[in-house]
Amino acid sequence: DRYQRRVRGNLFQETQLMADAVLKDVEKGKELKHVETVDKSAPKIEAVSVKKVDRGGFLQEVEKGAELKHAETVDKSAPAIPADVSVKKVDRDGFLKEIEKGADLKHVN
């Protein structure tokens, strides 16, 4: 027991010394080399002009509406439940009484 405590104490001291050494190395810092980079983060927009929008005219055009063409679709949003599956009625009161009654627990070694 005394031996184990001494070994644990020595391990702790060694670990602490290593941590202190690593911390000193980090605090010293490291001189970094100069690196040339090419900044490509700017957006590539060439010869673009922004025109003013006639909001009143745009709103009138939207209010006029538009004639839409008929489109055939296949609605697949319904749940895919097989025809032979059914939901049975649950006896809620009986279920709750069974829970309230509880169960006998066995002791396991």
# chains A, B, ... in the order shown; residues from 1 in each chain; ligands from 1

$ select_by_dssp --residues "range 31-108 of chain A" --states "helix (DSSP H, G or I)" --output "count of residues only"
20

$ atom_distance --atom1 "CA of Val90 in chain A" --atom2 "CA of Ala103 in chain A"
20.5 Å

$ atom_distance --atom1 "CA of Lys24 in chain A" --atom2 "CA of Arg5 in chain A"
28.5 Å

$ decode --residues "range 15-39 of chain A" --atoms "N, CA, C and O atoms" --output "tab-separated table (two decimals), in the first residue's frame"
chain	number	residue	atom	x	y	z
A	15	THR	N	4.44	13.59	-14.23
A	15	THR	CA	3.42	14.15	-15.11
A	15	THR	C	3.40	15.67	-14.98
A	15	THR	O	3.30	16.38	-15.98
A	16	GLN	N	3.52	16.17	-13.77
A	16	GLN	CA	3.51	17.61	-13.54
A	16	GLN	C	4.73	18.26	-14.18
A	16	GLN	O	4.63	19.32	-14.79
A	17	LEU	N	5.90	17.61	-14.08
A	17	LEU	CA	7.11	18.15	-14.69
A	17	LEU	C	6.97	18.21	-16.21
A	17	LEU	O	7.37	19.19	-16.85
A	18	MET	N	6.39	17.15	-16.81
A	18	MET	CA	6.20	17.14	-18.26
A	18	MET	C	5.22	18.23	-18.68
A	18	MET	O	5.43	18.93	-19.67
A	19	ALA	N	4.15	18.41	-17.91
A	19	ALA	CA	3.16	19.44	-18.23
A	19	ALA	C	3.80	20.82	-18.13
A	19	ALA	O	3.56	21.68	-18.98
A	20	ASP	N	4.63	21.04	-17.11
A	20	ASP	CA	5.32	22.32	-16.97
A	20	ASP	C	6.25	22.58	-18.15
A	20	ASP	O	6.32	23.69	-18.66
A	21	ALA	N	6.94	21.54	-18.60
A	21	ALA	CA	7.86	21.69	-19.74
A	21	ALA	C	7.09	22.04	-21.01
A	21	ALA	O	7.52	22.93	-21.78
A	22	VAL	N	5.98	21.38	-21.23
A	22	VAL	CA	5.17	21.67	-22.42
A	22	VAL	C	4.65	23.10	-22.35
A	22	VAL	O	4.67	23.83	-23.34
A	23	LEU	N	4.17	23.53	-21.17
A	23	LEU	CA	3.66	24.88	-21.02
A	23	LEU	C	4.74	25.91	-21.29
A	23	LEU	O	4.50	26.92	-21.96
A	24	LYS	N	5.97	25.66	-20.81
A	24	LYS	CA	7.08	26.60	-21.07
A	24	LYS	C	7.38	26.68	-22.56
A	24	LYS	O	7.63	27.76	-23.10
A	25	ASP	N	7.34	25.54	-23.27
A	25	ASP	CA	7.57	25.54	-24.72
A	25	ASP	C	6.49	26.35	-25.43
A	25	ASP	O	6.78	27.11	-26.37
A	26	VAL	N	5.26	26.21	-25.00
A	26	VAL	CA	4.16	26.95	-25.62
A	26	VAL	C	4.32	28.45	-25.36
A	26	VAL	O	4.11	29.27	-26.25
A	27	GLU	N	4.70	28.80	-24.13
A	27	GLU	CA	4.86	30.21	-23.79
A	27	GLU	C	6.00	30.87	-24.55
A	27	GLU	O	5.96	32.06	-24.84
A	28	LYS	N	7.03	30.09	-24.88
A	28	LYS	CA	8.14	30.65	-25.66
A	28	LYS	C	7.67	31.11	-27.02
A	28	LYS	O	8.16	32.09	-27.56
A	29	GLY	N	6.74	30.39	-27.58
A	29	GLY	CA	6.23	30.73	-28.90
A	29	GLY	C	7.12	30.16	-29.98
A	29	GLY	O	8.15	29.53	-29.72
A	30	LYS	N	6.72	30.38	-31.21
A	30	LYS	CA	7.47	29.88	-32.35
A	30	LYS	C	7.45	30.96	-33.42
A	30	LYS	O	6.40	31.53	-33.73
A	31	GLU	N	8.60	31.25	-33.97
A	31	GLU	CA	8.67	32.25	-35.03
A	31	GLU	C	8.15	31.61	-36.31
A	31	GLU	O	8.58	30.53	-36.70
A	32	LEU	N	7.20	32.28	-36.94
A	32	LEU	CA	6.57	31.74	-38.14
A	32	LEU	C	7.26	32.27	-39.39
A	32	LEU	O	7.76	33.38	-39.42
A	33	LYS	N	7.25	31.46	-40.44
A	33	LYS	CA	7.81	31.86	-41.71
A	33	LYS	C	6.82	32.76	-42.43
A	33	LYS	O	5.61	32.61	-42.29
A	34	HIS	N	7.34	33.69	-43.26
A	34	HIS	CA	6.48	34.55	-44.06
A	34	HIS	C	5.92	33.75	-45.23
A	34	HIS	O	6.65	32.99	-45.87
A	35	VAL	N	4.64	33.90	-45.49
A	35	VAL	CA	4.00	33.16	-46.57
A	35	VAL	C	3.26	34.15	-47.46
A	35	VAL	O	2.54	35.01	-46.98
A	36	GLU	N	3.44	34.03	-48.76
A	36	GLU	CA	2.70	34.84	-49.72
A	36	GLU	C	1.39	34.14	-50.04
A	36	GLU	O	1.37	32.93	-50.28
A	37	THR	N	0.29	34.87	-50.03
A	37	THR	CA	-1.00	34.29	-50.35
A	37	THR	C	-1.69	35.10	-51.44
A	37	THR	O	-1.38	36.27	-51.65
A	38	VAL	N	-2.62	34.47	-52.11
A	38	VAL	CA	-3.44	35.14	-53.10
A	38	VAL	C	-4.87	35.14	-52.58
A	38	VAL	O	-5.46	34.08	-52.40
A	39	ASP	N	-5.40	36.32	-52.31
A	39	ASP	CA	-6.74	36.44	-51.75
A	39	ASP	C	-7.77	36.29	-52.86
A	39	ASP	O	-7.92	37.15	-53.71
